[in-house]
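See below for the structure under consideration.
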Amino acid sequence: MSEKNELKFSDSLMQFINEWKEKPGNLIMVLHKVQGELGYVSREAAEKVSELLDVPLAKIWGVVTFYHFFKLTKPGKYNIAVCLGTACYLKGGDKVIETVEQTLGIDCGQVTKDGKFSLESVRCVGCCGLAPVMTVAGEVFGKLTKDMVPTILSRFE
Amino acid sequence: MAFRNYILVCGGTACESSRSKEIYENLKAEAKKQGVEDVVQVVQTGCFGFCEQGPIVKILPEDSFYVKVQPSDAAELIAEHIIKGREVKRLLYDKDKASKHAQVEDIKFYQKQFRIVLRNCGFIDPENINEYIARDGYAALERALFDMTPDDIIAELKTAGLRGRGGAGFPTWMKWNFSKNVESEIKYVVCNADEGDPGAYMDRSTLEGDPHSILEAMTICGKCIGAHKGFIYIRAEYPLAIHRLEVAMKQSRELGLLGHDILGSGFDFDIEIRLGAGAFVCGEETALLQSVMGRRGMPVPRPPFPAVKGLWDQPTVINNVETWANIPVIIHKGGEWFSKIGDADSHGTKVFALTGKICNSGLVEVPMGTTLREIVFDIGGGIAHGKKFKAVQTGGPSGGVITTENLDTPIDFGSLIKIGSMMGSGGMIVMDEDDCMVDVAKFYLNFTVDESCGKCMPCRIGGKTMLGILEKITAGNGTMHDLDQLTEIGETMKKSALCALGQTSPNPVLSTMRFFRDEYLAHIVDKKCPAGKCKKLVTYSIDPAKCKGCTACARRCPVEAISGTIKQPHKIDTSKCIKCGECLKTCKFGAVSVH
Ligand SMILES: Cc1cc2nc3c(=O)[nH]c(=O)nc-3n(C[C@H](O)[C@H](O)[C@H](O)COP(=O)(O)O)c2cc1C
Ligand code: SF4
Ligand code: SF4
Ligand code: FES
Ligand code: FES
């Protein structure tokens with residue numbers, strides 16, 4: 001870590017950090033904001049947060065790795081989250097994931113070579129009435145069948 | 001009230017995902033275009049609970065209940081229903097009945113329901129504080145601030161007999177009383193909106209549909225125990241709920257219902273949102289408090305209980321969303337009124353997220369003491385696709401299965417424990433004959449093993465070991481000794497794990513072993529999965545007598561495991577077959593079977 005940290009946070013992010021700096025228990029909120037801006041928490045970003053909040057880097061890694069929501073690697077342009085909560089699992093969420101994997105040629109947790117899609121499984125997005133469900137770039141698609149997957153993905157360019 | 005009609009468009013997450021926003025906008029535009037914008041008000045509400053049939057549009061005062069509405073239906077709804085006063089039959093839920101009025105009353109899904117927690121969901125625009133106030137909102141806060149002492153408030157809760165809805169069912173008044181009685185300048189109020197049970201969304205819908213009820217309740221608690229600061233800990237996965245809470249907090253601050261000197265009473269109370277980050281264990285209260293403080297969400301031993309020593313070591317009342325949502329009603333209508341709802345064991349109502357293999361999947365709120373049969377068959381409309389009912393899981397990954405023989409058990413805290421399950425937070429997953437109970441147990445255990453924070457040994461090692469055994473069994477390598485081992489490890493975990501995650505994670509396994517021992521035996525002794533779910537134990541085959549040689553399955557098979565010439569019986573090469581089940585679904589002649 002000898003070279004200088006070149007990463008720049010946007011003004012709004014810096015403003016948020018300054019606002020929260022003195023509040024107790026701010027770390028998770030700040031990391032949410034960082035991930036919201038960068039899509040993940042990179043090493044540089046974590047180092048920068050460590051400097052700005054004056055929190056040891058080890059503590060930041062401890063938190064980032066503990067919580068599933070924080071990503072350590074850059075996701076694709078469109079992140080696909082297939083629900084594997086109970087309702088979705090019983091209704092074939094595992095088949096949906098297999099189909100996405102086959103369609104994109106990646107495994108769960110990977111990013112396509114062109115960086116367009118990344119795929120993860122999540123636990124319940126709170127639309128169980130529509131099971132099985134997946135979200136693509138935050139948009140919810142419900143009552144999925146295998147055949148619908150390629151059509152939905154082709155809408156994201 | 002200048003409006004003749006009100007059009008309520010569902011703005012819950014499920015309906016929004018099927019373009020309810022566009023419906024809302026189109027309805028407004030059409031009302032304007034057709035010149036009736038002055039007589040009709042279009043409102044976007046929270047979830048109606050009937051998500052399965054969404055997007056939902058309800059028109060008042062006729063109470064017409066329209067389902068599966070498309071944005072393109074807007075013009076017709078305005079022209080027919082609003083202008084000509086004729087219901088649009090093809091969109092009504094119960095088309096055949098075609099009753100002109102009170103559709104909602106006719107719908108079985110709503111008949112046995114009783115709404116306290118969801119009283120405003122689907123009735124008001126959650127982003128407009130005036131609509132909440134118009135339905136007695138903030139009346140309870142006013143009463144608590146001006147007419148009640150802290151002890152009055154506690155007495156009211158005690159009379160009501162409200163027990164926590166987050167799972168454990170602890171009497172709410174006791175918690176508040178503990179915190180109230182501790183001498184301290186600083187105290188906290190926390191709302192647990194982490195809703196970790198995968199397959200449950202009661203809290204989400206409440207927050208999205210009626211955010212003010214939570215703010216009001218937390219403020220009442222603040223007044224009661226002497227706290228000035230509240231936190232809502234909510235899953236980051238619930239963006240709409242977060243947004244609605246933010247809007248609600250802003251509006252109530254503007255009206256002096258939150259913040260400094262509330263309603264001129266001299267009492268200060270404000271609330272902040274803290275986001276969860278996808279760790280199930282953070283739903284557990286001590287872990288949650290760690291997370292609010294920005295740390296890793298690891299549980300800490302109790303006692304001391306948070307009510308005495310919680311956030312930053314100060315007394316902290318933590319309640320679940322649904323518990324909070326009950327508070328304003330209890331204060332407003334009185335504990336006496338509340339205590340008459342429900343049965344002897346448990347008072348009030350419970351909201352369930354009814355999902356899985358059920359016809360009418362959705363949110364249901366019923367008085368305590370309603371039977372499972374009423375929920376599954378009357379409200380839920382029974383099992384989808386004419387399949388046979390097998391079991392219901394309540395309590396999510398901490399709970400157990402309820403089978404046919406217990407369908408008539410009243411649903412309350414005590415009865416569910418007696419039959420080996422638990423109330424839990426409200427997930428209610430219905431399973432049918434196609435679901436393998438060993439697989440379901442494995443699914444839940446997989447979840448809790450994934451979510452174990454790793455702090456204590458019994459949970460970290462025990463869970464993994466049990467999961468390994470289940471994997472062995474579902475792969476056809478199980479022995480009878482494995483069953484004994486599962487019981488032994490499970491019982492040990494129950495006794496020795498640090499937090500309730502580890503203590504309860506063996507429950508789905510132990511419960512399915514108790515009620516579906518035959519299915520375990522089929523996997524172990526016969527090396528068969530009766531439901532055909534465990535891939536390693538099933539084989540697909542084609543009955544030559546039934547096969548017409550249409551080739552449909554061969555074309556569908558992703559790995560070309562099916563061979564045969566047209567009009568001749570086909571054959572599956574079991575060494576190539578990946579057991580995807582496509583051929584079974586494809587064959588119109590019932591020639592493909594799975595064993
Ligand atoms: C592993 C685990 C997960 C939990 N998840 C939740 C949850 O998501 N929401 C919730 O309200 N309570 C959850 N609880 C229960 C809380 O620990 C606590 O009992 C509850 O917030 C108290 O509120 P109540 O008295 O209003 O029910 C969980 C408990 C455990 C052990
Ligand atoms: S679909 Fe059925 S009838 Fe047609 S070839 Fe396959 S098994 Fe035979
Ligand atoms: S189960 Fe799937 S892989 Fe096996 S034969 Fe049928 S279609 Fe082919
Ligand atoms: S289980 Fe998939 S949305 Fe709830
Ligand atoms: S989201 Fe519309 S009915 Fe539930």
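Lettering and numbering for the structure tokens are positional, with chains as A, B, ... in the shown order, residues counted from 1 in each chain, and ligands counted from 1 in the shown order.
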When you get a sec, could you note down which chain B residues fall within 7 Å of chain A, using only C-alpha atoms, as a ChimeraX atom specification? /B:13-14,17,51-52,198-201,204,237,274-275,277-279,292-296,355-356,361-362,429
Mind writing the picked residues with N, CA and C atoms as a PDB file, in the first residue's frame?
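Saved result, selection15.pdb, follows:
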```
ATOM      1  N   THR B  13     -44.863  -3.477  -3.722  1.00  0.00           N
ATOM      2  CA  THR B  13     -43.761  -3.871  -4.590  1.00  0.00           C
ATOM      3  C   THR B  13     -44.174  -4.866  -5.663  1.00  0.00           C
ATOM      4  N   ALA B  14     -45.007  -5.847  -5.276  1.00  0.00           N
ATOM      5  CA  ALA B  14     -45.381  -6.867  -6.256  1.00  0.00           C
ATOM      6  C   ALA B  14     -46.166  -6.245  -7.401  1.00  0.00           C
ATOM      7  N   SER B  17     -44.129  -4.075  -9.703  1.00  0.00           N
ATOM      8  CA  SER B  17     -43.317  -4.813 -10.655  1.00  0.00           C
ATOM      9  C   SER B  17     -44.153  -5.199 -11.863  1.00  0.00           C
ATOM     10  N   CYS B  51     -51.520 -10.137  -3.766  1.00  0.00           N
ATOM     11  CA  CYS B  51     -50.494  -9.876  -4.781  1.00  0.00           C
ATOM     12  C   CYS B  51     -50.569 -10.838  -5.964  1.00  0.00           C
ATOM     13  N   GLU B  52     -50.938 -12.065  -5.655  1.00  0.00           N
ATOM     14  CA  GLU B  52     -51.022 -13.101  -6.682  1.00  0.00           C
ATOM     15  C   GLU B  52     -51.866 -12.647  -7.880  1.00  0.00           C
ATOM     16  N   PRO B 198     -36.843 -15.980   4.960  1.00  0.00           N
ATOM     17  CA  PRO B 198     -36.935 -15.928   3.500  1.00  0.00           C
ATOM     18  C   PRO B 198     -38.286 -16.474   3.068  1.00  0.00           C
ATOM     19  N   GLY B 199     -39.109 -15.674   2.480  1.00  0.00           N
ATOM     20  CA  GLY B 199     -40.433 -16.129   2.089  1.00  0.00           C
ATOM     21  C   GLY B 199     -41.499 -15.449   2.912  1.00  0.00           C
ATOM     22  N   ALA B 200     -41.173 -14.324   3.481  1.00  0.00           N
ATOM     23  CA  ALA B 200     -42.138 -13.589   4.290  1.00  0.00           C
ATOM     24  C   ALA B 200     -41.990 -12.109   3.986  1.00  0.00           C
ATOM     25  N   TYR B 201     -43.104 -11.413   3.934  1.00  0.00           N
ATOM     26  CA  TYR B 201     -43.026  -9.993   3.574  1.00  0.00           C
ATOM     27  C   TYR B 201     -44.126  -9.170   4.239  1.00  0.00           C
ATOM     28  N   ARG B 204     -42.629  -5.767   5.316  1.00  0.00           N
ATOM     29  CA  ARG B 204     -42.412  -4.918   4.164  1.00  0.00           C
ATOM     30  C   ARG B 204     -43.705  -4.235   3.744  1.00  0.00           C
ATOM     31  N   GLU B 237     -32.592  -4.312   1.208  1.00  0.00           N
ATOM     32  CA  GLU B 237     -33.278  -4.906   0.062  1.00  0.00           C
ATOM     33  C   GLU B 237     -34.697  -4.372  -0.112  1.00  0.00           C
ATOM     34  N   ARG B 274     -31.541   3.060   9.922  1.00  0.00           N
ATOM     35  CA  ARG B 274     -30.260   2.362   9.764  1.00  0.00           C
ATOM     36  C   ARG B 274     -30.502   1.165   8.857  1.00  0.00           C
ATOM     37  N   LEU B 275     -29.613   0.998   7.882  1.00  0.00           N
ATOM     38  CA  LEU B 275     -29.826  -0.072   6.913  1.00  0.00           C
ATOM     39  C   LEU B 275     -29.144  -1.364   7.329  1.00  0.00           C
ATOM     40  N   ALA B 277     -27.682  -5.145   6.150  1.00  0.00           N
ATOM     41  CA  ALA B 277     -26.847  -5.436   5.000  1.00  0.00           C
ATOM     42  C   ALA B 277     -26.845  -6.926   4.687  1.00  0.00           C
ATOM     43  N   GLY B 278     -28.004  -7.543   4.800  1.00  0.00           N
ATOM     44  CA  GLY B 278     -28.134  -8.910   4.335  1.00  0.00           C
ATOM     45  C   GLY B 278     -27.489  -9.945   5.224  1.00  0.00           C
ATOM     46  N   ALA B 279     -27.744  -9.869   6.520  1.00  0.00           N
ATOM     47  CA  ALA B 279     -27.305 -10.947   7.399  1.00  0.00           C
ATOM     48  C   ALA B 279     -28.500 -11.342   8.250  1.00  0.00           C
ATOM     49  N   VAL B 292     -26.560  -1.815  14.436  1.00  0.00           N
ATOM     50  CA  VAL B 292     -26.915  -0.389  14.499  1.00  0.00           C
ATOM     51  C   VAL B 292     -25.703   0.418  14.941  1.00  0.00           C
ATOM     52  N   MET B 293     -24.885  -0.183  15.798  1.00  0.00           N
ATOM     53  CA  MET B 293     -23.691   0.522  16.265  1.00  0.00           C
ATOM     54  C   MET B 293     -22.546   0.426  15.263  1.00  0.00           C
ATOM     55  N   GLY B 294     -22.849  -0.145  14.086  1.00  0.00           N
ATOM     56  CA  GLY B 294     -21.861  -0.172  13.017  1.00  0.00           C
ATOM     57  C   GLY B 294     -20.874  -1.316  13.086  1.00  0.00           C
ATOM     58  N   ARG B 295     -21.176  -2.321  13.906  1.00  0.00           N
ATOM     59  CA  ARG B 295     -20.228  -3.427  14.062  1.00  0.00           C
ATOM     60  C   ARG B 295     -20.708  -4.668  13.313  1.00  0.00           C
ATOM     61  N   ARG B 296     -19.879  -5.717  13.340  1.00  0.00           N
ATOM     62  CA  ARG B 296     -20.316  -7.006  12.828  1.00  0.00           C
ATOM     63  C   ARG B 296     -21.493  -7.463  13.678  1.00  0.00           C
ATOM     64  N   THR B 355     -47.728 -18.314   1.218  1.00  0.00           N
ATOM     65  CA  THR B 355     -47.069 -18.511  -0.078  1.00  0.00           C
ATOM     66  C   THR B 355     -46.840 -19.987  -0.329  1.00  0.00           C
ATOM     67  N   GLY B 356     -46.191 -20.282  -1.426  1.00  0.00           N
ATOM     68  CA  GLY B 356     -45.929 -21.674  -1.777  1.00  0.00           C
ATOM     69  C   GLY B 356     -47.013 -22.187  -2.713  1.00  0.00           C
ATOM     70  N   SER B 361     -52.112 -16.790  -3.137  1.00  0.00           N
ATOM     71  CA  SER B 361     -50.977 -16.420  -2.333  1.00  0.00           C
ATOM     72  C   SER B 361     -51.118 -14.942  -1.999  1.00  0.00           C
ATOM     73  N   GLY B 362     -50.765 -14.568  -0.781  1.00  0.00           N
ATOM     74  CA  GLY B 362     -50.871 -13.160  -0.427  1.00  0.00           C
ATOM     75  C   GLY B 362     -50.704 -12.948   1.055  1.00  0.00           C
ATOM     76  N   ILE B 429     -45.648 -21.219   4.637  1.00  0.00           N
ATOM     77  CA  ILE B 429     -45.328 -21.776   3.337  1.00  0.00           C
ATOM     78  C   ILE B 429     -46.078 -23.088   3.158  1.00  0.00           C
TER      79      ILE B 429
END
```
Shell of 10 Å around Cys282 of chain B, only C-alpha atoms, local chain residues under 6 positions omitted, as an MDAnalysis selection string: (chainID A and resid 67) or (chainID B and resid 192 194:196 233 235 276 288:292 296:299 451 453)
Backbone DSSP call of alpha helix (DSSP H) for segment 81-328 of chain B, listed as a ChimeraX atom specification: /B:103-106,108-111,129-134,139-146,150-160,172-181,202-209,211-225,239-254,285-292,321-328
Surroundings of ligand 2 up to 6 Å, based on only C-alpha atoms and all ligand atoms, as a ChimeraX atom specification: /B:542,547-553,569-570,587,589,591-592
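Nearest to Ile318 of chain B of all the residues B:Tyr238, B:His260, B:Phe389, B:Ala217 is B:Ala217, based on only C-alpha atoms.
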Looking only at the backbone, which of the residues in chain A does DSSP tag as strand (DSSP E or B), as a ChimeraX atom specification? /A:78-83,111,117-122,134-136,139-141
Output of the above residues as a JSON list (two decimals), in the first residue's frame, restricted to N, CA, C and O atoms:
```json
[["chain", "number", "residue", "atom", "x", "y", "z"],
["A", 78, "TYR", "N", -25.57, -4.80, -15.48],
["A", 78, "TYR", "CA", -26.87, -5.17, -14.92],
["A", 78, "TYR", "C", -26.68, -6.35, -13.98],
["A", 78, "TYR", "O", -26.23, -7.41, -14.42],
["A", 79, "ASN", "N", -27.01, -6.15, -12.75],
["A", 79, "ASN", "CA", -26.89, -7.27, -11.81],
["A", 79, "ASN", "C", -28.20, -8.05, -11.77],
["A", 79, "ASN", "O", -29.27, -7.48, -11.62],
["A", 80, "ILE", "N", -28.08, -9.36, -11.93],
["A", 80, "ILE", "CA", -29.26, -10.22, -11.87],
["A", 80, "ILE", "C", -29.28, -10.90, -10.51],
["A", 80, "ILE", "O", -28.30, -11.53, -10.12],
["A", 81, "ALA", "N", -30.39, -10.76, -9.81],
["A", 81, "ALA", "CA", -30.51, -11.42, -8.51],
["A", 81, "ALA", "C", -31.69, -12.37, -8.58],
["A", 81, "ALA", "O", -32.83, -11.95, -8.72],
["A", 82, "VAL", "N", -31.39, -13.66, -8.55],
["A", 82, "VAL", "CA", -32.47, -14.65, -8.59],
["A", 82, "VAL", "C", -32.83, -15.01, -7.15],
["A", 82, "VAL", "O", -31.96, -15.32, -6.34],
["A", 83, "CYS", "N", -34.12, -14.96, -6.86],
["A", 83, "CYS", "CA", -34.54, -15.23, -5.48],
["A", 83, "CYS", "C", -34.53, -16.72, -5.19],
["A", 83, "CYS", "O", -35.09, -17.51, -5.94],
["A", 111, "VAL", "N", -19.36, -12.73, -13.41],
["A", 111, "VAL", "CA", -19.74, -11.64, -14.31],
["A", 111, "VAL", "C", -19.47, -12.10, -15.74],
["A", 111, "VAL", "O", -18.48, -12.78, -15.99],
["A", 117, "PHE", "N", -23.54, -8.52, -17.57],
["A", 117, "PHE", "CA", -24.38, -9.10, -16.53],
["A", 117, "PHE", "C", -23.56, -9.73, -15.41],
["A", 117, "PHE", "O", -22.50, -10.31, -15.67],
["A", 118, "SER", "N", -24.06, -9.61, -14.20],
["A", 118, "SER", "CA", -23.53, -10.44, -13.12],
["A", 118, "SER", "C", -24.71, -11.17, -12.52],
["A", 118, "SER", "O", -25.85, -10.72, -12.64],
["A", 119, "LEU", "N", -24.42, -12.29, -11.89],
["A", 119, "LEU", "CA", -25.51, -13.13, -11.39],
["A", 119, "LEU", "C", -25.27, -13.49, -9.94],
["A", 119, "LEU", "O", -24.18, -13.90, -9.56],
["A", 120, "GLU", "N", -26.30, -13.30, -9.13],
["A", 120, "GLU", "CA", -26.20, -13.74, -7.73],
["A", 120, "GLU", "C", -27.55, -14.31, -7.31],
["A", 120, "GLU", "O", -28.56, -14.09, -7.97],
["A", 121, "SER", "N", -27.53, -15.08, -6.23],
["A", 121, "SER", "CA", -28.79, -15.54, -5.68],
["A", 121, "SER", "C", -29.06, -14.75, -4.42],
["A", 121, "SER", "O", -28.13, -14.38, -3.71],
["A", 122, "VAL", "N", -30.30, -14.43, -4.16],
["A", 122, "VAL", "CA", -30.65, -13.69, -2.95],
["A", 122, "VAL", "C", -31.77, -14.42, -2.22],
["A", 122, "VAL", "O", -32.39, -15.33, -2.76],
["A", 134, "MET", "N", -37.10, -12.86, -10.01],
["A", 134, "MET", "CA", -35.71, -12.38, -10.06],
["A", 134, "MET", "C", -35.74, -10.88, -10.30],
["A", 134, "MET", "O", -36.75, -10.33, -10.73],
["A", 135, "THR", "N", -34.65, -10.20, -9.97],
["A", 135, "THR", "CA", -34.57, -8.80, -10.31],
["A", 135, "THR", "C", -33.39, -8.62, -11.25],
["A", 135, "THR", "O", -32.36, -9.27, -11.12],
["A", 136, "VAL", "N", -33.58, -7.75, -12.23],
["A", 136, "VAL", "CA", -32.48, -7.37, -13.11],
["A", 136, "VAL", "C", -32.34, -5.87, -12.98],
["A", 136, "VAL", "O", -33.30, -5.13, -13.21],
["A", 139, "GLU", "N", -35.11, -4.11, -11.27],
["A", 139, "GLU", "CA", -36.48, -4.28, -11.74],
["A", 139, "GLU", "C", -36.94, -5.71, -11.42],
["A", 139, "GLU", "O", -36.23, -6.68, -11.68],
["A", 140, "VAL", "N", -38.15, -5.83, -10.88],
["A", 140, "VAL", "CA", -38.64, -7.14, -10.44],
["A", 140, "VAL", "C", -39.38, -7.87, -11.57],
["A", 140, "VAL", "O", -40.23, -7.29, -12.24],
["A", 141, "PHE", "N", -39.06, -9.13, -11.75],
["A", 141, "PHE", "CA", -39.81, -9.97, -12.70],
["A", 141, "PHE", "C", -40.34, -11.18, -11.94],
["A", 141, "PHE", "O", -39.57, -11.90, -11.30]]
```
What's around Ser12 of chain A at 12 Å? Count only C-alpha atoms, leave out sequence neighbours fewer than 2 positions away in its own chain, and write the answer as a PyMOL selection string. chain A and resi 8-10+14-19+30+33-34+36-37
Would you save the residues from that selection as a short mmCIF file (atom, residue, chain, number, x, y, z; two decimals), in the first residue's frame, using C-alpha atoms?
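Writing done, so here's out_9.cif:
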```cif
data_model
loop_
_atom_site.label_atom_id
_atom_site.label_comp_id
_atom_site.auth_asym_id
_atom_site.auth_seq_id
_atom_site.Cartn_x
_atom_site.Cartn_y
_atom_site.Cartn_z
CA LYS A 8 -11.93 10.13 -5.72
CA PHE A 9 -15.35 10.10 -4.12
CA SER A 10 -18.05 12.30 -5.61
CA MET A 14 -18.10 13.28 0.53
CA GLN A 15 -20.89 15.43 1.86
CA PHE A 16 -22.69 12.35 3.18
CA ILE A 17 -19.53 11.15 4.87
CA ASN A 18 -18.97 14.52 6.50
CA GLU A 19 -22.53 14.57 7.73
CA VAL A 30 -21.25 5.01 4.85
CA LYS A 33 -23.43 4.88 0.24
CA VAL A 34 -20.03 3.93 -1.15
CA GLY A 36 -24.34 2.75 -4.04
CA GLU A 37 -21.91 4.94 -5.93
#
```
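Taking only C-alpha atoms and all ligand atoms into account, the protein and nucleic acid residues that come at most 9 Å from ligand 5 are Cys127 and Gly129 of chain A; Val9, Cys10, Gly11, Gly12, Thr13, Ala14, Cys15, Glu16, Ser17, Ser20, Thr45, Gly46, Cys47, Phe48, Gly49, Phe50, Cys51, Glu52, Gln53, Gly54, Pro55, Ile56, Val57, Gly122, Ser205, Gly362 and Leu363 of chain B.
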Leaving out Leu407 of chain B and any residue of its chain fewer than 6 positions from it, which residues lie within 7 Å of it when counting only C-alpha atoms, given as a ChimeraX atom specification? /B:371-373
Take the residues from that selection and write them out as a compact mmCIF listing (two decimals), in the first residue's frame, keeping C-alpha atoms.
```
# COMPACT_ATOMS: atom_id res chain seq x y z
CA THR B 371 -57.39 -22.60 12.35
CA LEU B 372 -54.85 -23.48 9.75
CA ARG B 373 -57.58 -25.14 7.73
```
Near-ligand residues for ligand 1, threshold 9 Å, only C-alpha atoms and all ligand atoms, as a VMD selection string: chain B and resid 163 to 172 175 190 to 197 203 280 to 288 299 317 to 324 397 to 398 424 to 425 448 451 to 452 499 to 505
Let's have the selection written as a compact mmCIF listing (two decimals), in the first residue's frame, with C-alpha atoms.
```txt
# COMPACT_ATOMS: atom_id res chain seq x y z
CA ARG B 163 -47.20 -10.13 22.70
CA GLY B 164 -44.28 -9.52 20.37
CA ARG B 165 -44.92 -10.44 16.75
CA GLY B 166 -41.27 -10.91 15.81
CA GLY B 167 -41.28 -14.54 16.81
CA ALA B 168 -40.76 -15.03 20.50
CA GLY B 169 -44.09 -13.64 21.68
CA PHE B 170 -42.71 -11.82 24.69
CA PRO B 171 -45.29 -9.56 26.43
CA THR B 172 -44.70 -6.07 25.11
CA LYS B 175 -40.30 -4.97 27.96
CA VAL B 190 -35.72 0.45 18.02
CA CYS B 191 -37.90 -0.99 15.29
CA ASN B 192 -36.82 -4.37 13.97
CA ALA B 193 -37.58 -4.25 10.26
CA ASP B 194 -34.94 -6.74 9.23
CA GLU B 195 -37.53 -9.34 8.20
CA GLY B 196 -35.08 -12.13 7.68
CA ASP B 197 -37.37 -15.12 7.19
CA ASP B 203 -43.34 -6.17 7.56
CA PHE B 280 -30.13 -13.06 8.78
CA VAL B 281 -28.61 -13.17 12.23
CA CYS B 282 -29.03 -9.39 12.47
CA GLY B 283 -32.75 -9.97 12.96
CA GLU B 284 -31.83 -11.36 16.37
CA GLU B 285 -32.11 -8.43 18.71
CA THR B 286 -28.66 -8.37 20.29
CA ALA B 287 -26.99 -8.82 16.89
CA LEU B 288 -29.20 -6.12 15.45
CA PRO B 299 -25.22 -11.87 19.03
CA VAL B 317 -36.86 -1.24 23.71
CA ILE B 318 -36.79 -3.25 20.52
CA ASN B 319 -39.96 -4.45 18.85
CA ASN B 320 -40.95 -5.92 15.55
CA VAL B 321 -42.76 -3.89 12.87
CA GLU B 322 -46.03 -5.71 13.35
CA THR B 323 -45.89 -5.26 17.11
CA TRP B 324 -45.43 -1.54 16.57
CA PRO B 397 -35.95 -21.63 9.23
CA SER B 398 -36.59 -21.73 12.99
CA GLY B 424 -42.50 -17.16 14.02
CA SER B 425 -42.78 -13.82 12.36
CA THR B 448 -29.10 -21.28 8.56
CA GLU B 451 -26.23 -17.44 7.92
CA SER B 452 -24.56 -18.70 11.07
CA CYS B 499 -28.43 -17.45 20.16
CA ALA B 500 -31.81 -18.52 18.93
CA LEU B 501 -30.51 -18.94 15.38
CA GLY B 502 -28.44 -21.93 16.39
CA GLN B 503 -30.91 -23.12 18.99
CA THR B 504 -33.72 -23.28 16.46
CA SER B 505 -31.95 -24.18 13.25
```
